[in-house]
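K.L.:
My questions all concern the structure below.
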Amino acid sequence: MTQLQFPESTPGAISPTAGEAAKADGIARAAANTPPEWATACRNAIELMARRGTPFQAADLIAEGLVDEPDHTARWGAAFNAAARAGVIEEAGFVKSKRATVHGSICKQWTGTAAFQGAAA
């Protein structure tokens, strides 16, 4: 049995390509508008947590006093995306957010990559 294939997008259907393009654009705009001081503090906090080798999420950076809440929540995505692209962290599943303001919504957790942990040792 074969699955029916449509040669073109169905009107009103979600385009994965357009979705990825919109995501990349949003991340780029968030990164470009992030205050440099916050970006540096967040990068340092992510690297510190990554060296530990245990899963973490953005709320952990705040709880440990490593970085303040950003002026806009979009800054988190840009910071974690940049760290992942740089090979510092990798996805470690999805968990409930520890942030009280999001009422237990699901978020990614991260861990340091083996390569980053090895280089940091």
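Residue numbers start at 1 in each chain; chains themselves are named A, B, ... in the order of the structure tokens; ligands are numbered from 1 in the order shown.
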From a DSSP pass on the backbone, collect the residues of range 8-120 of chain A flagged as alpha helix (DSSP H) and hand them back as a ChimeraX atom specification.

P.N.:
/A:16-32,36-52,58-63,74-85,114-120

K.L.:
I need the residues from that last selection saved to file as a tab-separated table (two decimals), in the first residue's frame (with C-alpha atoms), if you can.

P.N.:
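Result file is result.tsv:
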chain	number	residue	atom	x	y	z
A	16	PRO	CA	7.81	23.45	6.85
A	17	THR	CA	10.17	25.51	4.69
A	18	ALA	CA	8.30	28.74	5.41
A	19	GLY	CA	8.15	27.84	9.10
A	20	GLU	CA	11.90	27.30	9.31
A	21	ALA	CA	12.54	30.54	7.44
A	22	ALA	CA	10.28	32.46	9.83
A	23	LYS	CA	12.00	30.85	12.82
A	24	ALA	CA	15.46	31.77	11.50
A	25	ASP	CA	14.31	35.34	10.83
A	26	GLY	CA	12.86	35.69	14.32
A	27	ILE	CA	16.02	34.34	15.96
A	28	ALA	CA	18.20	36.67	13.89
A	29	ARG	CA	16.06	39.70	14.82
A	30	ALA	CA	16.11	38.75	18.51
A	31	ALA	CA	19.90	38.31	18.46
A	32	ALA	CA	20.44	41.60	16.64
A	36	PRO	CA	25.40	43.08	24.36
A	37	GLU	CA	25.87	42.98	28.14
A	38	TRP	CA	22.96	40.56	28.58
A	39	ALA	CA	24.11	38.43	25.61
A	40	THR	CA	27.60	38.09	27.11
A	41	ALA	CA	26.28	37.26	30.58
A	42	CYS	CA	23.88	34.70	29.14
A	43	ARG	CA	26.57	33.07	26.98
A	44	ASN	CA	28.86	32.80	30.02
A	45	ALA	CA	26.02	31.31	32.09
A	46	ILE	CA	25.17	28.75	29.40
A	47	GLU	CA	28.84	27.76	29.12
A	48	LEU	CA	29.13	27.35	32.90
A	49	MET	CA	26.03	25.14	33.01
A	50	ALA	CA	27.24	23.20	29.95
A	51	ARG	CA	30.53	22.34	31.68
A	52	ARG	CA	28.60	20.72	34.53
A	58	ALA	CA	16.76	28.95	31.06
A	59	ALA	CA	15.07	29.12	34.47
A	60	ASP	CA	18.13	27.47	36.04
A	61	LEU	CA	20.36	30.32	34.86
A	62	ILE	CA	18.15	32.81	36.70
A	63	ALA	CA	17.68	30.61	39.79
A	74	ALA	CA	12.70	35.97	22.59
A	75	ARG	CA	16.26	36.61	23.79
A	76	TRP	CA	16.37	33.13	25.35
A	77	GLY	CA	15.80	31.36	22.06
A	78	ALA	CA	18.48	33.36	20.30
A	79	ALA	CA	21.00	32.71	23.08
A	80	PHE	CA	20.38	28.97	23.32
A	81	ASN	CA	20.26	28.62	19.53
A	82	ALA	CA	23.64	30.36	19.19
A	83	ALA	CA	25.17	28.11	21.86
A	84	ALA	CA	23.80	25.00	20.14
A	85	ARG	CA	25.14	26.12	16.74
A	114	ALA	CA	30.85	16.00	25.06
A	115	ALA	CA	33.19	18.00	22.81
A	116	PHE	CA	32.64	21.22	24.79
A	117	GLN	CA	33.01	19.48	28.13
A	118	GLY	CA	36.22	17.82	26.93
A	119	ALA	CA	37.64	21.12	25.67
A	120	ALA	CA	36.70	22.89	28.90

K.L.:
Taking the chain letters and numbering used in this document, name the residues of range 15-101 of chain A that DSSP puts in strand (DSSP E or B), as a tab-separated table (two decimals) with N, CA and C atoms, in the first residue's frame.

P.N.:
chain	number	residue	atom	x	y	z
A	56	PHE	N	19.80	21.32	31.91
A	56	PHE	CA	19.37	22.61	32.46
A	56	PHE	C	18.46	23.31	31.48
A	89	ILE	N	26.17	23.35	23.53
A	89	ILE	CA	25.09	22.58	24.13
A	89	ILE	C	24.34	21.78	23.06
A	90	GLU	N	23.56	20.82	23.55
A	90	GLU	CA	22.69	20.06	22.67
A	90	GLU	C	21.40	19.77	23.42
A	91	GLU	N	20.35	19.51	22.67
A	91	GLU	CA	19.05	19.23	23.28
A	91	GLU	C	19.15	18.00	24.17
A	92	ALA	N	18.45	18.05	25.30
A	92	ALA	CA	18.41	16.92	26.23
A	92	ALA	C	16.96	16.64	26.63
A	93	GLY	N	16.06	16.76	25.66
A	93	GLY	CA	14.67	16.44	25.90
A	93	GLY	C	13.83	17.66	26.22
A	94	PHE	N	12.58	17.37	26.57
A	94	PHE	CA	11.62	18.41	26.90
A	94	PHE	C	11.06	18.14	28.28
A	95	VAL	N	10.91	19.19	29.07
A	95	VAL	CA	10.40	19.09	30.44
A	95	VAL	C	9.47	20.26	30.70
A	96	LYS	N	8.77	20.22	31.82
A	96	LYS	CA	7.97	21.37	32.23
A	96	LYS	C	8.92	22.49	32.63

K.L.:
For CA of His72 in chain A and CA of Thr54 in chain A, quote the distance in Å rounded to one decimal.

P.N.:
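Going from CA of His72 in chain A over to CA of Thr54 in chain A, I get 26.1 Å.
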
K.L.:
Between CA of Ala100 in chain A and CA of Leu66 in chain A, what distance in Å does the model show, to one decimal?

P.N.:
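That distance, rounded to one decimal, is 18.0 Å.
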
K.L.:
Quick one: pull the distance between CA of Val88 in chain A and CA of Thr113 in chain A, Å, one decimal.

P.N.:
5.8 Å

K.L.:
Report as a list in words all protein, DNA and RNA residues lying within 7 Å of Pro55 in chain A, evaluated on only C-alpha atoms, omitting residues in the same chain fewer than 5 positions from it.

P.N.:
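Using only C-alpha atoms, the neighbours found are Ala92, Gln109, Trp110 and Thr111 of chain A.
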